[in-house]
>>> print(open('target24.cif').read())   # mmCIF, C-alpha atoms
data_model
loop_
_atom_site.label_atom_id
_atom_site.label_comp_id
_atom_site.auth_asym_id
_atom_site.auth_seq_id
_atom_site.Cartn_x
_atom_site.Cartn_y
_atom_site.Cartn_z
CA MET B 9 123.81 -53.43 -16.69
CA THR B 10 127.53 -53.95 -17.11
CA ALA B 11 129.93 -51.30 -18.29
CA GLU B 12 130.86 -53.47 -21.27
CA SER B 13 127.27 -53.73 -22.50
CA ALA B 14 126.70 -50.03 -21.95
CA GLU B 15 129.63 -49.04 -24.16
CA GLY B 16 127.57 -49.83 -27.24
CA ALA B 17 124.95 -47.21 -26.44
CA SER B 18 123.82 -45.05 -29.35
CA THR B 19 125.59 -41.69 -29.38
CA GLU B 20 123.26 -40.01 -31.83
CA ALA B 21 120.55 -39.37 -29.25
CA VAL B 22 121.41 -37.82 -25.92
CA PHE B 23 119.59 -36.78 -22.78
CA LEU B 24 120.20 -33.33 -21.38
CA ASP B 25 119.11 -32.42 -17.87
CA GLU B 26 121.91 -30.15 -16.70
CA PRO B 27 123.25 -27.21 -18.69
CA THR B 28 126.70 -27.74 -17.18
CA THR B 29 127.00 -31.36 -18.26
CA ALA B 30 130.33 -31.81 -20.02
CA ASP B 31 129.88 -35.38 -21.24
CA LEU B 32 126.29 -36.06 -22.24
CA ARG B 33 127.19 -39.43 -23.71
CA ALA B 34 128.44 -40.58 -20.32
CA LYS B 35 125.15 -39.51 -18.70
CA VAL B 36 123.19 -41.69 -21.13
CA VAL B 37 125.49 -44.65 -20.43
CA ASP B 38 125.07 -44.13 -16.69
CA ALA B 39 121.28 -43.87 -17.01
CA TRP B 40 121.03 -47.19 -18.86
CA ARG B 41 123.38 -48.82 -16.37
CA GLU B 42 121.21 -47.55 -13.51
CA PHE B 43 118.06 -48.82 -15.22
CA GLY B 44 119.53 -52.28 -15.80
CA THR B 45 120.79 -52.53 -12.23
CA ALA B 46 117.40 -51.54 -10.82
CA LEU B 47 115.57 -54.05 -13.03
CA ALA B 48 118.01 -56.80 -12.04
CA GLY B 49 117.34 -55.98 -8.40
CA LEU B 50 113.57 -56.01 -8.83
CA LEU B 51 113.11 -59.36 -10.58
CA PRO B 52 114.27 -61.63 -7.70
CA THR B 53 111.78 -59.92 -5.36
CA LEU B 54 108.71 -60.77 -7.45
CA GLN B 55 106.51 -63.67 -6.44
CA GLU B 56 105.07 -66.17 -8.90
CA GLY B 57 102.67 -64.35 -11.24
CA GLY B 58 104.32 -60.97 -10.72
CA HIS B 59 105.00 -59.07 -13.90
CA VAL B 60 106.65 -55.91 -15.21
CA ASP B 61 105.44 -54.09 -18.31
CA LEU B 62 107.91 -51.74 -20.04
CA THR B 63 106.69 -49.53 -22.89
CA LEU B 64 108.53 -47.00 -25.03
CA ASP B 65 106.28 -43.93 -24.84
CA PRO B 66 105.28 -43.46 -28.52
CA THR B 67 104.40 -39.81 -28.09
CA ALA B 68 107.68 -38.84 -26.50
CA SER B 69 109.83 -41.06 -28.68
CA GLY B 70 108.27 -40.01 -31.97
CA THR B 71 107.32 -43.55 -33.03
CA GLY B 72 103.82 -42.51 -34.05
CA MET B 73 101.33 -45.37 -34.02
CA ALA B 74 104.04 -47.93 -33.30
CA VAL B 75 104.24 -49.10 -29.68
CA TYR B 76 107.31 -51.08 -28.66
CA SER B 77 107.10 -52.95 -25.37
CA VAL B 78 108.56 -55.76 -23.29
CA SER B 79 106.47 -57.69 -20.77
CA ILE B 80 108.21 -59.75 -18.06
CA ARG B 81 106.46 -62.37 -15.93
CA VAL B 82 107.66 -64.66 -13.12
CA ARG B 83 106.58 -68.28 -13.55
CA GLU B 84 106.61 -71.27 -11.21
CA GLY B 85 109.98 -72.29 -9.84
CA GLY B 86 111.64 -68.91 -10.30
CA VAL B 87 111.44 -69.02 -14.09
CA VAL B 88 111.32 -65.58 -15.68
CA GLU B 89 109.85 -65.10 -19.15
CA ALA B 90 109.67 -62.02 -21.31
CA LEU B 91 107.73 -61.16 -24.45
CA ALA B 92 108.90 -58.44 -26.84
CA THR B 93 106.90 -56.77 -29.58
CA GLY B 94 107.25 -58.43 -32.98
CA ASN B 95 106.46 -57.15 -36.45
CA ALA B 96 102.90 -58.52 -36.32
CA GLY B 97 102.16 -55.94 -33.62
CA LEU B 98 103.67 -53.00 -35.51
CA PRO B 99 102.09 -50.87 -38.27
CA GLU B 100 103.60 -50.82 -41.73
CA GLY B 101 106.52 -48.43 -41.88
CA TYR B 102 107.62 -49.17 -38.33
CA ARG B 103 108.34 -52.88 -38.64
CA MET B 104 111.81 -54.16 -37.89
CA ASP B 105 114.14 -55.03 -40.74
CA ARG B 106 116.27 -58.18 -40.96
CA SER B 107 119.14 -56.50 -39.16
CA SER B 108 116.98 -55.60 -36.15
CA ILE B 109 115.47 -59.07 -36.02
CA GLY B 110 118.97 -60.48 -36.19
CA GLU B 111 119.94 -58.30 -33.22
CA LEU B 112 117.03 -59.71 -31.21
CA VAL B 113 118.05 -63.27 -31.98
CA ALA B 114 121.68 -62.47 -31.17
CA LEU B 115 120.59 -61.11 -27.80
CA GLY B 116 118.92 -64.44 -27.05
CA TRP B 117 115.29 -63.87 -28.06
CA SER B 118 113.40 -66.76 -29.66
CA PRO B 119 111.35 -65.97 -32.78
CA PRO B 120 107.58 -65.51 -32.35
CA GLY B 121 105.76 -68.72 -31.49
CA VAL B 122 108.81 -70.66 -30.31
CA LEU B 123 108.41 -69.95 -26.60
CA PRO B 124 105.08 -71.50 -25.51
CA GLY B 125 102.40 -68.81 -25.34
CA SER B 126 104.49 -66.16 -27.07
CA GLY B 127 102.15 -65.83 -30.04
CA ASP B 128 103.32 -63.01 -32.32
CA SER B 129 105.95 -61.81 -29.83
CA PHE B 130 109.61 -62.68 -29.42
CA GLY B 131 110.22 -64.81 -26.33
CA LEU B 132 112.98 -65.00 -23.74
CA SER B 133 113.29 -67.35 -20.79
CA SER B 134 115.66 -67.36 -17.83
CA THR B 135 115.60 -67.69 -14.04
CA GLN B 136 115.51 -65.20 -11.19
CA ASP B 137 119.03 -66.10 -10.09
CA LYS B 138 120.30 -64.85 -13.47
CA SER B 139 118.45 -61.55 -13.29
CA GLY B 140 121.58 -59.52 -14.04
CA SER B 141 122.17 -60.91 -17.52
CA PHE B 142 118.41 -61.05 -18.14
CA ALA B 143 118.03 -57.35 -17.30
CA THR B 144 120.95 -56.51 -19.57
CA VAL B 145 119.21 -58.18 -22.50
CA ILE B 146 116.00 -56.27 -21.77
CA ALA B 147 117.83 -52.94 -21.54
CA ARG B 148 119.76 -53.54 -24.77
CA THR B 149 116.57 -54.58 -26.54
CA LEU B 150 114.81 -51.37 -25.58
CA ARG B 151 117.86 -49.22 -26.34
CA ASP B 152 119.55 -50.81 -29.35
CA VAL B 153 116.69 -52.53 -31.16
CA TYR B 154 113.62 -50.46 -30.28
CA GLY B 155 115.58 -47.22 -30.29
CA ALA B 156 114.78 -45.79 -26.84
CA PRO B 157 117.24 -42.86 -26.59
CA HIS B 158 117.14 -42.83 -22.77
CA PRO B 159 115.33 -44.80 -20.00
CA ALA B 160 113.28 -41.65 -19.27
CA PHE B 161 111.34 -42.45 -22.46
CA LEU B 162 110.11 -45.70 -20.85
CA VAL B 163 106.90 -46.11 -18.87
CA TYR B 164 106.53 -49.14 -16.62
CA LEU B 165 104.06 -51.00 -14.41
CA VAL B 166 104.75 -53.64 -11.74
CA HIS B 167 101.79 -55.91 -10.89
CA ASP B 168 101.16 -59.09 -8.92
CA GLU B 169 99.36 -62.19 -10.21
CA ASN B 170 95.99 -60.51 -9.61
CA ASP B 171 97.00 -57.41 -11.59
CA GLU B 172 97.21 -55.38 -8.39
CA PRO B 173 99.96 -52.70 -8.46
CA ILE B 174 103.13 -53.49 -6.50
CA ASP B 175 105.14 -50.77 -4.82
CA SER B 176 108.73 -51.08 -5.97
CA ALA B 177 111.93 -49.08 -6.05
CA PRO B 178 112.21 -46.83 -9.13
CA LEU B 179 113.68 -48.34 -12.29
CA GLY B 180 116.21 -45.59 -12.72
CA THR B 181 114.76 -42.68 -14.66
CA ALA B 182 112.00 -44.74 -16.30
CA ARG B 183 108.57 -43.31 -15.60
CA HIS B 184 106.31 -45.29 -13.29
CA GLU B 185 102.59 -45.28 -14.02
CA PRO B 186 101.45 -43.77 -10.70
CA SER B 187 98.97 -45.25 -8.28
CA ILE B 188 96.72 -42.23 -7.87
CA ASP B 189 93.43 -43.59 -6.56
CA ALA B 190 94.12 -41.98 -3.19
CA GLU B 191 94.60 -38.60 -4.84
CA LEU B 192 91.49 -38.59 -6.99
CA SER B 193 88.21 -40.47 -6.71
CA LEU B 194 85.29 -40.86 -9.07
CA ASP B 195 83.22 -38.70 -6.75
CA ASP B 196 85.46 -35.73 -7.51
CA LEU B 197 84.26 -35.53 -11.11
CA ASP B 198 81.19 -37.74 -11.16
CA GLU B 199 78.66 -36.01 -8.93
CA ASP B 200 75.59 -37.65 -10.48
CA GLY B 201 77.09 -41.13 -10.56
CA THR B 202 76.93 -41.40 -14.37
CA LEU B 203 80.51 -42.53 -14.80
CA ALA B 204 80.40 -44.95 -11.88
CA ALA B 205 77.27 -46.57 -13.31
CA ALA B 206 78.76 -46.81 -16.80
CA LEU B 207 81.95 -48.40 -15.50
CA ALA B 208 79.96 -50.81 -13.35
CA ASP B 209 78.08 -51.93 -16.45
CA ALA B 210 81.38 -52.29 -18.29
CA ALA B 211 82.64 -54.61 -15.59
CA ASP B 212 79.86 -57.06 -16.47
CA GLU B 213 80.91 -57.29 -20.11
CA VAL B 214 83.97 -56.87 -22.30
CA VAL B 215 83.94 -53.23 -23.33
CA PRO B 216 86.66 -51.98 -25.72
CA LEU B 217 89.19 -49.60 -24.22
CA ASP B 218 88.27 -46.77 -26.59
CA GLU B 219 84.64 -46.88 -25.42
CA ARG B 220 85.67 -46.72 -21.77
CA VAL B 221 87.99 -43.80 -22.51
CA ARG B 222 85.22 -41.90 -24.31
CA THR B 223 82.88 -42.47 -21.37
CA VAL B 224 85.41 -41.04 -18.93
CA VAL B 225 86.24 -37.99 -21.06
CA ALA B 226 82.57 -37.27 -21.82
CA THR B 227 81.69 -37.39 -18.13
CA MET B 228 84.56 -35.08 -17.23
CA SER B 229 83.44 -32.68 -19.98
CA LYS B 230 79.84 -32.86 -18.73
CA THR B 231 78.62 -33.94 -22.14
CA THR B 232 77.71 -37.12 -23.98
CA VAL B 233 79.96 -39.42 -25.97
CA ASP B 234 78.20 -38.38 -29.18
CA GLN B 235 79.04 -34.73 -28.54
CA LEU B 236 82.78 -35.25 -28.04
CA GLN B 237 85.05 -33.51 -30.52
CA PHE B 238 87.33 -35.72 -32.65
CA ASP B 239 90.09 -34.69 -35.03
CA ALA B 240 90.97 -36.26 -38.39
CA ASP B 241 93.05 -38.96 -36.67
CA GLY B 242 90.18 -40.01 -34.44
CA ASP B 243 91.73 -38.45 -31.33
CA ILE B 244 89.45 -36.80 -28.78
CA SER B 245 90.23 -33.08 -28.69
CA ILE B 246 89.72 -30.88 -25.63
CA ARG B 247 90.31 -27.13 -25.67
CA ALA B 248 92.12 -25.74 -22.63
CA GLY B 249 92.36 -21.96 -22.95
CA SER B 250 94.92 -21.21 -25.65
CA ALA B 251 96.00 -24.88 -25.78
CA MET B 252 94.52 -28.06 -27.25
CA VAL B 253 94.73 -31.43 -25.50
CA PHE B 254 94.31 -34.72 -27.37
CA VAL B 255 93.40 -38.16 -26.05
CA ARG B 256 94.48 -41.07 -28.26
CA VAL B 257 93.75 -44.77 -27.66
CA ARG B 258 96.24 -47.39 -28.85
CA ASP B 259 95.50 -51.09 -29.06
CA ASN B 260 98.80 -52.96 -29.02
CA PRO B 261 99.74 -52.75 -26.23
CA PRO B 262 96.69 -51.07 -24.67
CA LEU B 263 97.73 -47.49 -24.00
CA VAL B 264 96.06 -44.09 -23.73
CA ASP B 265 98.08 -41.01 -24.73
CA VAL B 266 97.05 -37.67 -23.24
CA PHE B 267 99.17 -35.11 -25.07
CA SER B 268 99.30 -31.52 -26.26
CA PRO B 269 101.35 -29.54 -28.80
CA ILE B 270 102.38 -26.75 -26.44
CA LEU B 271 104.15 -24.64 -29.06
CA THR B 272 104.74 -24.93 -32.80
CA GLU B 273 107.21 -23.11 -35.04
CA VAL B 274 109.65 -22.81 -32.16
CA GLU B 275 113.42 -22.88 -32.71
CA PRO B 276 114.98 -25.96 -31.06
CA THR B 277 117.88 -24.57 -29.05
CA GLU B 278 120.05 -25.81 -26.21
CA LEU B 279 118.34 -23.33 -23.88
CA LEU B 280 114.95 -24.77 -24.79
CA TYR B 281 116.09 -28.34 -24.14
CA VAL B 282 117.47 -27.35 -20.74
CA LYS B 283 114.21 -25.64 -19.82
CA LEU B 284 112.08 -28.63 -20.85
CA SER B 285 114.33 -30.96 -18.88
CA GLU B 286 114.08 -28.82 -15.75
CA LEU B 287 110.30 -28.65 -16.01
CA THR B 288 110.00 -32.40 -16.63
CA ASN B 289 112.11 -33.18 -13.57
CA ARG B 290 109.61 -31.25 -11.42
CA MET B 291 106.51 -32.90 -12.88
CA PRO B 292 105.02 -35.76 -10.80
CA ILE B 293 103.74 -37.43 -13.97
CA GLY B 294 104.26 -36.81 -17.67
CA ARG B 295 107.07 -35.17 -19.60
CA LEU B 296 107.93 -32.35 -21.98
CA TYR B 297 110.04 -32.75 -25.10
CA CYS B 298 110.80 -31.10 -28.44
CA ALA B 299 110.30 -32.87 -31.79
CA GLN B 300 111.26 -30.96 -34.92
CA ASP B 301 109.87 -27.44 -34.25
CA THR B 302 107.11 -28.45 -31.82
CA VAL B 303 107.14 -28.64 -28.01
CA TRP B 304 104.94 -31.48 -26.75
CA ALA B 305 103.59 -32.45 -23.34
CA SER B 306 102.65 -36.10 -22.78
CA ILE B 307 101.11 -38.23 -20.04
CA PRO B 308 100.69 -41.93 -20.92
CA VAL B 309 98.06 -44.07 -19.17
CA PHE B 310 98.22 -47.85 -19.38
CA GLY B 311 95.16 -49.55 -20.87
CA ARG B 312 95.81 -52.89 -19.21
CA ASN B 313 93.86 -53.05 -15.95
CA PHE B 314 92.47 -49.65 -16.98
CA GLN B 315 91.63 -47.31 -14.10
CA ALA B 316 89.27 -44.42 -14.82
CA THR B 317 90.86 -42.33 -12.08
CA HIS B 318 94.26 -42.57 -13.79
CA LEU B 319 92.85 -41.11 -16.99
CA MET B 320 90.88 -38.49 -15.09
CA LEU B 321 94.02 -37.24 -13.35
CA ALA B 322 96.00 -37.29 -16.60
CA VAL B 323 93.38 -35.15 -18.36
CA GLN B 324 93.11 -32.81 -15.38
CA VAL B 325 96.86 -32.33 -15.19
CA MET B 326 97.32 -31.93 -18.94
CA THR B 327 94.55 -29.37 -19.47
CA GLY B 328 95.91 -27.17 -16.70
CA LEU B 329 99.54 -27.75 -17.66
CA ALA B 330 99.12 -27.03 -21.36
CA ASP B 331 97.22 -23.80 -20.86
CA GLU B 332 99.81 -22.50 -18.41
CA LEU B 333 102.96 -23.67 -20.15
CA ASP B 334 102.13 -22.48 -23.66
CA ASP B 335 101.94 -18.91 -22.35
CA ARG B 336 105.08 -19.21 -20.24
CA LEU B 337 107.20 -20.87 -22.93
CA HIS B 338 105.87 -18.61 -25.68
CA GLY B 339 106.99 -15.57 -23.72
CA GLU B 340 110.45 -17.05 -23.30
CA PHE B 341 111.05 -18.84 -26.61
CA GLY B 342 108.49 -17.52 -29.07
CA GLY B 343 106.65 -19.91 -31.38
CA LYS B 344 102.91 -20.27 -31.85
CA ARG B 345 100.29 -21.45 -29.40
CA PHE B 346 97.46 -23.64 -30.70
CA PHE B 347 94.91 -20.84 -30.26
CA GLY B 348 97.37 -17.97 -30.13
CA GLU B 349 96.09 -15.60 -32.80
CA GLY B 350 98.87 -13.35 -34.02
CA ASP B 351 101.67 -15.30 -32.34
CA LYS B 352 104.99 -14.87 -34.11
CA PRO B 353 108.19 -16.81 -33.65
CA ALA B 354 110.75 -15.13 -31.43
CA VAL B 355 114.39 -16.07 -31.68
CA PRO B 356 116.03 -16.58 -28.27
CA PRO B 357 119.73 -15.77 -27.71
CA LYS B 358 122.07 -17.99 -29.64
CA GLU B 359 124.40 -20.40 -27.89
CA PRO B 360 127.88 -21.31 -29.13
CA ALA B 361 127.86 -23.91 -31.88
CA THR B 362 127.75 -27.47 -30.57
CA ASP B 363 127.74 -30.93 -32.07
CA ASP B 364 124.80 -31.70 -34.30
CA HIS B 365 121.90 -33.07 -32.25
CA ARG B 366 118.68 -34.66 -33.40
CA PRO B 367 115.62 -32.69 -32.18
CA GLY B 368 113.13 -34.81 -30.30
CA MET B 369 115.71 -36.94 -28.56
CA TYR B 370 115.74 -34.77 -25.46
CA LEU B 371 113.47 -34.31 -22.47
#
>>> encode(input="target24.cif", output="structure tokens")
Amino acid sequence: MTAESAEGASTEAVFLDEPTTADLRAKVVDAWREFGTALAGLLPTLQEGGHVDLTLDPTASGTGMAVYSVSIRVREGGVVEALATGNAGLPEGYRMDRSSIGELVALGWSPPGVLPGSGDSFGLSSTQDKSGSFATVIARTLRDVYGAPHPAFLVYLVHDENDEPIDSAPLGTARHEPSIDAELSLDDLDEDGTLAAALADAADEVVPLDERVRTVVATMSKTTVDQLQFDADGDISIRAGSAMVFVRVRDNPPLVDVFSPILTEVEPTELLYVKLSELTNRMPIGRLYCAQDTVWASIPVFGRNFQATHLMLAVQVMTGLADELDDRLHGEFGGKRFFGEGDKPAVPPKEPATDDHRPGMYL
């Protein structure tokens, strides 16, 4: 990403990962530049059929049920095509207005249906030898149109033509969906073979993602799908000590959110943002962030080419993480744990007044 294109970065949302940072705006600019440069370097290395999926994590970004994504694929002859989420794929209340659509067109995107095979998505076509300008358009789309406050709010996958994961250099601070099969196998949590058998049956027919997710969670919980606990939003709920973990399935694009409200009624302070950033930087997967007066933990799992072991690890990590962190952060910052009877907000030391920041736009 060029310095000129980065100058237009939004200054309302900033990313804080060092308490001594003097110019947070410059750090955001640098992060987007690093992301664009890494993406530009990746595209020429992909063979025909290789593709990159970039998704704005809806849990961390606060976009609710709206999932904004860009999918890039290498075609024959070094042609590179990208599809970006259009209004048909967004719920009411999150659809783009005329100004945002105009920004997409100004960036070079063709309206839905114009690029062959684009369907309801905006389309963009270029070649691998122009990966620099192509990556700049992708970065500006995610940042300026879809509202990603920082590349760390992005989750990405790199696959070959057979949907097999490709090892690649990191795309800046964007979060890679990890290849974790070597770390966790079905045998670890499926002693009687129930899950393996269910997934084998699913391979012989088209089974909706939500059904596969319920099968995995039920097996891990040593119960049946019918006995799983669901909240009013249809999310699977799992108690983990004093914390509650939720599993939510999204359809467009296919995505599974494993998340937990670590603390509620907590005062968003600079010290809290610094702490969440430090903890996130040490986490192998997932992230912590503050939205309004709630601290959230989130681990996204891609639904495309769904791997049961990925979800199993995400649930394992989140249940342990949430139960440990709600106690630790409550002792330091106050607030209320999900099952913390008698918890009362505690006000941490005040910092000097700073510029007005929007809660939820930090990690």
>>> atom_distance(input="target24.cif", atom1="atom CA of Phe254 of chain B", atom2="atom CA of Gln315 of chain B")
18.5 Å
>>> atom_distance(input="target24.cif", atom1="atom CA of Ser268 of chain B", atom2="atom CA of Leu179 of chain B")
26.2 Å
>>> closest_atom_pairs(input="target24.cif", of="segment 123-159 of chain B", to="segment 38-52 of chain B", cutoff="6 Å", atoms="all atoms listed in the file", output="tab-separated table")
residue	atom	partner	partner_atom	distance
B:Gln136	CA	B:Pro52	CA	5.1
B:Ser139	CA	B:Ala48	CA	4.9
B:Gly140	CA	B:Ala48	CA	4.9
B:Ala143	CA	B:Ala48	CA	5.3
B:Thr144	CA	B:Gly44	CA	5.8
>>> atom_distance(input="target24.cif", atom1="atom CA of Val166 of chain B", atom2="atom CA of Tyr297 of chain B")
25.4 Å
>>> resolve_selection(input="target24.cif", expression="the PyMOL selection byres ((chain B and resi 61) around 9)", output="MDAnalysis selection string")
chainID B and resid 59:60 62:63 77:81 163:167
>>> write_last_selection(input="target24.cif", atoms="C-alpha atoms", output="short mmCIF file (atom, residue, chain, number, x, y, z; two decimals), in the frame of the given file")
data_model
loop_
_atom_site.label_atom_id
_atom_site.label_comp_id
_atom_site.auth_asym_id
_atom_site.auth_seq_id
_atom_site.Cartn_x
_atom_site.Cartn_y
_atom_site.Cartn_z
CA HIS B 59 105.00 -59.07 -13.90
CA VAL B 60 106.65 -55.91 -15.21
CA LEU B 62 107.91 -51.74 -20.04
CA THR B 63 106.69 -49.53 -22.89
CA SER B 77 107.10 -52.95 -25.37
CA VAL B 78 108.56 -55.76 -23.29
CA SER B 79 106.47 -57.69 -20.77
CA ILE B 80 108.21 -59.75 -18.06
CA ARG B 81 106.46 -62.37 -15.93
CA VAL B 163 106.90 -46.11 -18.87
CA TYR B 164 106.53 -49.14 -16.62
CA LEU B 165 104.06 -51.00 -14.41
CA VAL B 166 104.75 -53.64 -11.74
CA HIS B 167 101.79 -55.91 -10.89
#
>>> closest_residue(input="target24.cif", among="B:Ser134, B:Asn170, B:Thr327, B:Thr302", to="Val255 of chain B", atoms="all atoms listed in the file")
B:Thr327
